[in-house]
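Next up, my_file.txt (compact mmCIF, C-alpha atoms):
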# COMPACT_ATOMS: atom_id res chain seq x y z
CA MET U 1 -19.15 -7.61 -25.56
CA VAL U 2 -17.61 -4.65 -23.75
CA THR U 3 -19.98 -1.71 -23.99
CA GLN U 4 -18.72 1.08 -26.23
CA LEU U 5 -19.04 4.36 -24.37
CA THR U 6 -20.68 7.22 -26.22
CA PRO U 7 -19.66 10.68 -24.92
CA GLN U 8 -22.43 13.15 -24.22
CA THR U 9 -22.21 16.90 -24.07
CA ASP U 10 -24.71 17.85 -21.34
CA THR U 11 -22.59 19.65 -18.76
CA SER U 12 -25.58 20.39 -16.49
CA ILE U 13 -25.74 16.84 -15.18
CA ILE U 14 -24.49 16.41 -11.62
CA TYR U 15 -22.50 13.31 -10.76
CA PRO U 16 -22.77 12.86 -6.97
CA ASP U 17 -19.67 11.93 -5.01
CA SER U 18 -21.65 9.68 -2.69
CA ASP U 19 -24.32 7.03 -3.15
CA GLY U 20 -25.38 7.25 0.50
CA GLN U 21 -24.08 3.75 1.24
CA PRO U 22 -21.52 3.03 3.97
CA MET U 23 -18.02 2.01 2.99
CA ALA U 24 -18.35 -1.21 5.01
CA ASP U 25 -21.01 -3.03 6.96
CA ASN U 26 -18.75 -4.43 9.68
CA THR U 27 -15.23 -4.33 11.06
CA ILE U 28 -14.02 -7.41 9.15
CA GLN U 29 -15.10 -5.99 5.80
CA PHE U 30 -13.62 -2.59 6.63
CA ARG U 31 -10.30 -4.14 7.70
CA TRP U 32 -9.97 -6.12 4.46
CA ILE U 33 -10.84 -3.09 2.33
CA THR U 34 -8.22 -0.95 4.07
CA VAL U 35 -5.54 -3.67 4.02
CA ILE U 36 -5.89 -4.26 0.29
CA TYR U 37 -6.22 -0.56 -0.51
CA TYR U 38 -3.19 0.61 1.49
CA ASN U 39 -0.95 -2.24 0.38
CA LEU U 40 -1.75 -1.55 -3.26
CA ALA U 41 -1.28 2.19 -2.69
CA TRP U 42 2.15 1.47 -1.15
CA LEU U 43 2.98 -0.91 -4.00
CA TYR U 44 2.38 1.79 -6.61
CA ALA U 45 3.35 4.83 -4.54
CA ASN U 46 6.38 5.53 -6.74
CA THR U 47 4.86 4.36 -10.00
CA PRO U 48 3.53 7.20 -12.14
CA ASN U 49 0.08 6.99 -13.68
CA VAL U 50 -1.36 4.26 -11.48
CA PHE U 51 -4.43 5.35 -9.53
CA VAL U 52 -5.66 3.31 -6.57
CA ALA U 53 -8.97 4.15 -4.90
CA GLY U 54 -11.31 2.74 -2.30
CA ASP U 55 -15.10 3.12 -2.28
CA LEU U 56 -15.03 5.69 -5.10
CA LEU U 57 -18.01 6.06 -7.40
CA TRP U 58 -17.18 5.15 -10.98
CA TYR U 59 -19.31 6.67 -13.73
CA PRO U 60 -18.48 4.92 -17.02
CA VAL U 61 -20.79 6.88 -19.35
CA GLU U 62 -21.04 10.64 -19.65
CA GLY U 63 -24.60 11.90 -19.37
CA ASN U 64 -25.86 9.02 -17.21
CA ASN U 65 -25.45 9.67 -13.48
CA LYS U 66 -27.54 6.64 -12.56
CA LEU U 67 -25.12 4.23 -14.18
CA ARG U 68 -22.44 3.89 -11.55
CA GLN U 69 -20.65 1.51 -9.23
CA ALA U 70 -18.36 1.96 -6.23
CA PRO U 71 -15.88 -0.93 -6.07
CA ASP U 72 -14.41 -1.53 -2.63
CA ILE U 73 -10.99 -1.12 -4.28
CA MET U 74 -10.11 -0.29 -7.86
CA VAL U 75 -6.82 0.10 -9.67
CA VAL U 76 -6.49 2.12 -12.86
CA PHE U 77 -3.37 2.03 -15.01
CA GLY U 78 -2.75 4.94 -17.33
CA VAL U 79 -4.24 7.83 -15.35
CA GLU U 80 -2.67 10.31 -12.97
CA LYS U 81 -2.68 9.94 -9.22
CA GLY U 82 -4.64 12.54 -7.27
CA ASP U 83 -7.80 13.22 -5.34
CA ARG U 84 -11.17 12.84 -7.03
CA GLY U 85 -14.75 13.16 -5.90
CA SER U 86 -15.69 10.41 -8.32
CA TYR U 87 -14.12 8.58 -11.24
CA GLN U 88 -15.75 10.01 -14.35
CA GLN U 89 -14.31 7.82 -17.06
CA TRP U 90 -14.70 10.24 -19.96
CA ARG U 91 -12.47 12.68 -18.05
CA GLU U 92 -9.78 10.00 -17.64
CA ASN U 93 -9.00 9.34 -21.32
CA ASN U 94 -11.94 6.93 -21.24
CA ILE U 95 -9.83 4.38 -19.32
CA ALA U 96 -11.87 1.91 -17.29
CA PRO U 97 -10.50 0.49 -14.02
CA GLN U 98 -8.59 -2.63 -14.97
CA VAL U 99 -8.72 -4.35 -11.57
CA VAL U 100 -11.46 -4.26 -8.94
CA PHE U 101 -11.91 -5.93 -5.56
CA GLU U 102 -15.10 -6.52 -3.61
CA ILE U 103 -15.21 -7.69 0.01
CA LEU U 104 -18.45 -9.53 0.68
CA SER U 105 -20.53 -8.76 3.75
CA PRO U 106 -23.58 -10.63 5.11
CA GLY U 107 -25.73 -7.77 3.81
CA ASN U 108 -24.76 -8.32 0.18
CA THR U 109 -27.36 -10.31 -1.77
CA GLN U 110 -26.66 -12.66 -4.65
CA LYS U 111 -28.75 -10.45 -6.92
CA GLU U 112 -26.64 -7.42 -5.97
CA MET U 113 -23.37 -9.24 -6.64
CA ASN U 114 -24.68 -10.53 -9.97
CA ARG U 115 -25.43 -6.95 -10.98
CA LYS U 116 -21.91 -5.90 -10.03
CA LEU U 117 -20.38 -8.73 -12.06
CA LEU U 118 -22.49 -7.73 -15.07
CA PHE U 119 -21.46 -4.08 -14.63
CA TYR U 120 -17.77 -4.94 -14.48
CA HIS U 121 -18.18 -7.22 -17.49
CA ARG U 122 -19.93 -4.57 -19.57
CA TYR U 123 -17.63 -1.69 -18.80
CA GLY U 124 -14.22 -3.18 -19.37
CA VAL U 125 -12.80 -4.49 -16.08
CA GLU U 126 -9.98 -6.95 -16.78
CA GLU U 127 -9.70 -8.61 -13.38
CA TYR U 128 -12.36 -8.89 -10.69
CA TYR U 129 -11.75 -10.44 -7.28
CA LEU U 130 -14.48 -11.19 -4.74
CA TYR U 131 -13.58 -12.29 -1.22
CA ASP U 132 -15.97 -13.50 1.47
CA PRO U 133 -14.02 -13.22 4.76
CA ASN U 134 -16.73 -14.95 6.77
CA LYS U 135 -16.55 -18.09 4.63
CA ASN U 136 -12.92 -17.54 3.59
CA ARG U 137 -13.96 -17.94 -0.02
CA LEU U 138 -12.14 -16.21 -2.87
CA THR U 139 -13.52 -16.00 -6.41
CA GLY U 140 -11.88 -14.36 -9.37
CA TRP U 141 -12.70 -13.46 -12.95
CA LEU U 142 -10.31 -12.66 -15.78
CA ARG U 143 -11.26 -11.07 -19.08
CA ASP U 144 -10.91 -13.41 -22.01
CA GLU U 145 -11.43 -11.37 -25.16
CA ASN U 146 -14.81 -9.74 -24.39
CA TRP U 147 -15.94 -11.71 -21.36
CA LEU U 148 -15.01 -12.06 -17.69
CA ASP U 149 -14.38 -15.77 -17.23
CA THR U 150 -14.17 -17.45 -13.84
CA ILE U 151 -10.66 -18.31 -12.70
CA GLU U 152 -10.78 -22.02 -11.95
CA GLU U 153 -8.10 -22.11 -9.23
CA MET U 154 -7.48 -19.06 -7.07
CA ASN U 155 -5.09 -20.62 -4.59
CA GLY U 156 -1.66 -19.59 -5.82
CA TRP U 157 -3.12 -17.33 -8.52
CA VAL U 158 -0.95 -14.38 -9.61
CA SER U 159 -2.72 -11.29 -10.92
CA PRO U 160 -1.53 -10.55 -14.48
CA ARG U 161 -1.88 -6.80 -13.94
CA LEU U 162 -0.76 -6.41 -10.33
CA GLY U 163 1.70 -9.26 -9.97
CA ILE U 164 0.32 -10.03 -6.50
CA ARG U 165 -0.19 -13.62 -5.42
CA PHE U 166 -3.25 -15.03 -3.64
CA GLU U 167 -3.10 -17.90 -1.19
CA VAL U 168 -6.20 -19.29 0.51
CA ALA U 169 -5.09 -20.71 3.86
CA SER U 170 -7.32 -22.80 6.10
CA ASP U 171 -8.75 -19.80 7.92
CA THR U 172 -7.86 -16.66 5.95
CA LEU U 173 -6.70 -15.14 2.69
CA LEU U 174 -3.03 -14.26 2.25
CA LEU U 175 -1.77 -11.82 -0.36
CA TYR U 176 1.84 -11.32 -1.40
CA ARG U 177 3.54 -8.48 -3.23
CA PRO U 178 5.56 -9.24 -6.38
CA ASP U 179 8.71 -9.20 -4.20
CA GLY U 180 7.24 -11.93 -2.00
CA GLN U 181 6.49 -9.68 0.98
CA PRO U 182 3.05 -10.29 2.52
CA PHE U 183 0.31 -7.69 2.70
CA ILE U 184 0.13 -6.33 6.24
CA ASP U 185 -2.33 -4.10 8.05
CA TYR U 186 -1.70 -0.72 9.68
CA VAL U 187 -1.20 -2.21 13.16
CA GLU U 188 1.59 -4.46 11.86
CA VAL U 189 3.14 -1.56 9.96
CA GLN U 190 3.06 0.57 13.11
CA GLN U 191 4.62 -2.23 15.15
CA GLN U 192 7.40 -2.61 12.59
CA LEU U 193 7.98 1.14 12.58
CA GLU U 194 8.18 1.15 16.38
CA THR U 195 10.62 -1.77 16.30
CA VAL U 196 12.81 0.00 13.75
CA SER U 197 12.55 3.22 15.78
CA ARG U 198 13.71 1.41 18.93
CA GLN U 199 16.59 -0.19 17.04
CA LEU U 200 17.68 3.17 15.64
CA LYS U 201 17.43 4.72 19.09
CA GLN U 202 19.55 1.93 20.56
CA GLU U 203 22.10 2.35 17.76
CA ARG U 204 22.23 6.11 18.38
CA GLN U 205 22.68 5.53 22.11
CA ALA U 206 25.44 2.97 21.47
CA LYS U 207 27.12 5.40 19.09
CA ALA U 208 26.81 8.20 21.64
CA THR U 209 28.28 5.94 24.35
CA PHE U 210 31.16 4.97 22.09
CA SER U 211 31.79 8.60 21.20
CA ALA U 212 31.77 9.52 24.89
CA GLN U 213 34.31 6.77 25.61
CA LEU U 214 36.55 8.03 22.80
CA GLU U 215 36.28 11.56 24.18
CA GLN U 216 37.21 10.35 27.68
CA GLU U 217 40.21 8.49 26.27
CA ARG U 218 41.26 11.59 24.31
CA GLN U 219 40.97 13.77 27.39
CA ALA U 220 42.92 11.24 29.50
CA LYS U 221 45.65 11.18 26.86
CA GLU U 222 45.84 14.97 26.82
CA ILE U 223 46.08 15.03 30.61
CA ALA U 224 48.86 12.40 30.57
CA GLU U 225 50.75 14.33 27.90
CA GLU U 226 50.35 17.56 29.85
CA ARG U 227 51.65 15.91 33.03
CA ALA U 228 54.66 14.47 31.15
CA LYS U 229 55.39 17.86 29.69
CA ARG U 230 55.16 19.51 33.12
CA LEU U 231 57.46 16.88 34.60
CA GLU U 232 60.05 17.58 31.92
CA GLU U 233 59.86 21.28 32.71
CA LEU U 234 60.41 20.62 36.43
CA LEU U 235 63.41 18.37 35.69
CA ARG U 236 64.99 21.00 33.47
CA GLU U 237 64.44 23.65 36.16
CA ALA U 238 66.29 21.34 38.55
CA GLY U 239 69.19 21.05 36.10
CA ILE U 240 68.34 17.54 35.01
CA ASP U 241 68.18 16.70 31.33
CA PRO U 242 65.13 14.45 30.89
CA ASP U 243 66.59 13.22 27.57
CA ASP U 244 69.85 12.10 29.17
CA HIS U 245 69.48 8.35 29.84
CA SER U 246 73.17 7.72 30.73
CA PRO U 247 73.80 5.90 34.10
Using C-alpha cells, write down the structure from this file.
Amino acid sequence: MVTQLTPQTDTSIIYPDSDGQPMADNTIQFRWITVIYYNLAWLYANTPNVFVAGDLLWYPVEGNNKLRQAPDIMVVFGVEKGDRGSYQQWRENNIAPQVVFEILSPGNTQKEMNRKLLFYHRYGVEEYYLYDPNKNRLTGWLRDENWLDTIEEMNGWVSPRLGIRFEVASDTLLLYRPDGQPFIDYVEVQQQLETVSRQLKQERQAKATFSAQLEQERQAKEIAEERAKRLEELLREAGIDPDDHSP
C-alpha cells in the first residue's frame, strides 16, 4: 500500500538541504546522472509544471526530517519549475515524484538499494529505473495499483510517463526521446553547437561574398553608364548626334 501522508504542524523542524553524501562516487556515475538529468530538463524545458531535479533531498512527510531520500534524478509532474533546497512534498500539493532514476556505483550495497526500493514503493513513485553502468544492467519497476512491480523486459521499454525509450546495447545503455532523437551528453551538444556555428559563419561569409560581388557589379554598371553618358556629351559638343544612326 502507498503510505498516506499525515501533515504535521511543527514549523520549528529543520529540513537540511544536504545529507552530506556526494552526488556521485566516480566519473561514470556522475556522467550518467548528468546525461539523464540534462536531457530530461531539455525535454521538458518548455512544458509548464514539470520539475526535474538531480540529487535533491525529498522529504515525503512533514514533521519527519529523518525520512528522506535523494534520487539521482527525479521527475515531478504537476508542480512548478524553480530552484529548491529540498523537495518538501507537503509544500508541493503533496505530489510525490512520479519517476526516479538511480545510477549504481560499486559503493552501493544491496541492503541500501533494497531500502531505496521500499522507500519509493511506500511513498508513491510510479516508475523507478536502476542502471548499473559497470555491468550494463538496467532494471525497472512500474506501479501496478499499490505496488512497484518489476518490468520483465527493459530492452525496448517505453516509459509511460516520459515517453522515452530504453535500449540495452552490448556495451551501454541508449535512451531516446519521444521524437526518436538519442540522449546526448554535454560534449556532444557542444560539438553540435560548434558545427552549427561554423556552418552559420560559412553561410554569413558566403552571403557577404555574394553581396560584395553584387556591389562590384553595381559599381561597374554605374561606371559604364557614366562613361556612356560622358561619351554622348562629347559627341554632342562635337556636333554629332549620338542618336543618329543613318549612314
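Taking only C-alpha atoms, the non-local environment of Met74 (chain U) within 6 Å (same-chain residues fewer than 4 positions away omitted) comprises Val52, Ala53, Val99 and Val100 of chain U.
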*Find the residues around Glu92 (chain U) up to 10 Å (only C-alpha atoms counted), leave out those fewer than 6 positions away in its own chain, and share them as a ChimeraX atom specification.*
/U:76,78-80
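Closest approach to Met113 (chain U) among U:Asp25, U:Met154, U:Gln69, U:Val35 is made by U:Gln69 (distances from only C-alpha atoms).
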*Using all atoms listed in the file, which of the listed residues (U:Ile103, U:Leu142, U:Ile184, U:Val75) sits closest to Pro160 (chain U)?*
U:Leu142
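One finds CA of Gln219 (chain U) at 20.7 Å from CA of Gln205 (chain U).
Of the listed residues U:Thr34, U:Asp17, U:Asn108, U:Leu43, the one whose atoms come nearest to Arg177 (chain U) is U:Leu43, with distances taken using only C-alpha atoms.
The shortest atom-to-atom distance to Asn39 (chain U), with only C-alpha atoms taken into account, belongs to U:Leu175 out of U:Leu175, U:Leu117, U:Leu56, U:Ala96.
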*Distance query Arg137 (chain U) at most 12 Å, only C-alpha atoms, self and fewer than 4 positions along chain excluded, as an NGL selection string*: :U and (103-105 or 129-133 or 153-155 or 166-174)
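Among the candidates U:Phe77, U:Trp147, U:Tyr15, U:Phe101, the residue lying nearest to Gly54 (chain U) is U:Phe101 (atoms considered: all atoms listed in the file).
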*Separation of CA of Asn94 (chain U) and CA of Thr150 (chain U), in Å?*
25.6 Å
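Compared by their closest atoms to Arg84 (chain U), and using only C-alpha atoms, the residues U:Ser18, U:Gln216, U:Ser159, U:Ser12 rank with U:Ser18 nearest.
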*Name the residues within 12 Å of (-3.3, -4.3, 6.2), counting only C-alpha atoms in the file's coordinates, and put them as an MDAnalysis selection string.*
chainID U and resid 28:42 173:176 182:190
Would you mind exporting C-alpha atoms of the selected residues as a tab-separated table (two decimals), in the frame of the given file?
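What landed in part.tsv:
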chain	number	residue	atom	x	y	z
U	28	ILE	CA	-14.02	-7.41	9.15
U	29	GLN	CA	-15.10	-5.99	5.80
U	30	PHE	CA	-13.62	-2.59	6.63
U	31	ARG	CA	-10.30	-4.14	7.70
U	32	TRP	CA	-9.97	-6.12	4.46
U	33	ILE	CA	-10.84	-3.09	2.33
U	34	THR	CA	-8.22	-0.95	4.07
U	35	VAL	CA	-5.54	-3.67	4.02
U	36	ILE	CA	-5.89	-4.26	0.29
U	37	TYR	CA	-6.22	-0.56	-0.51
U	38	TYR	CA	-3.19	0.61	1.49
U	39	ASN	CA	-0.95	-2.24	0.38
U	40	LEU	CA	-1.75	-1.55	-3.26
U	41	ALA	CA	-1.28	2.19	-2.69
U	42	TRP	CA	2.15	1.47	-1.15
U	173	LEU	CA	-6.70	-15.14	2.69
U	174	LEU	CA	-3.03	-14.26	2.25
U	175	LEU	CA	-1.77	-11.82	-0.36
U	176	TYR	CA	1.84	-11.32	-1.40
U	182	PRO	CA	3.05	-10.29	2.52
U	183	PHE	CA	0.31	-7.69	2.70
U	184	ILE	CA	0.13	-6.33	6.24
U	185	ASP	CA	-2.33	-4.10	8.05
U	186	TYR	CA	-1.70	-0.72	9.68
U	187	VAL	CA	-1.20	-2.21	13.16
U	188	GLU	CA	1.59	-4.46	11.86
U	189	VAL	CA	3.14	-1.56	9.96
U	190	GLN	CA	3.06	0.57	13.11
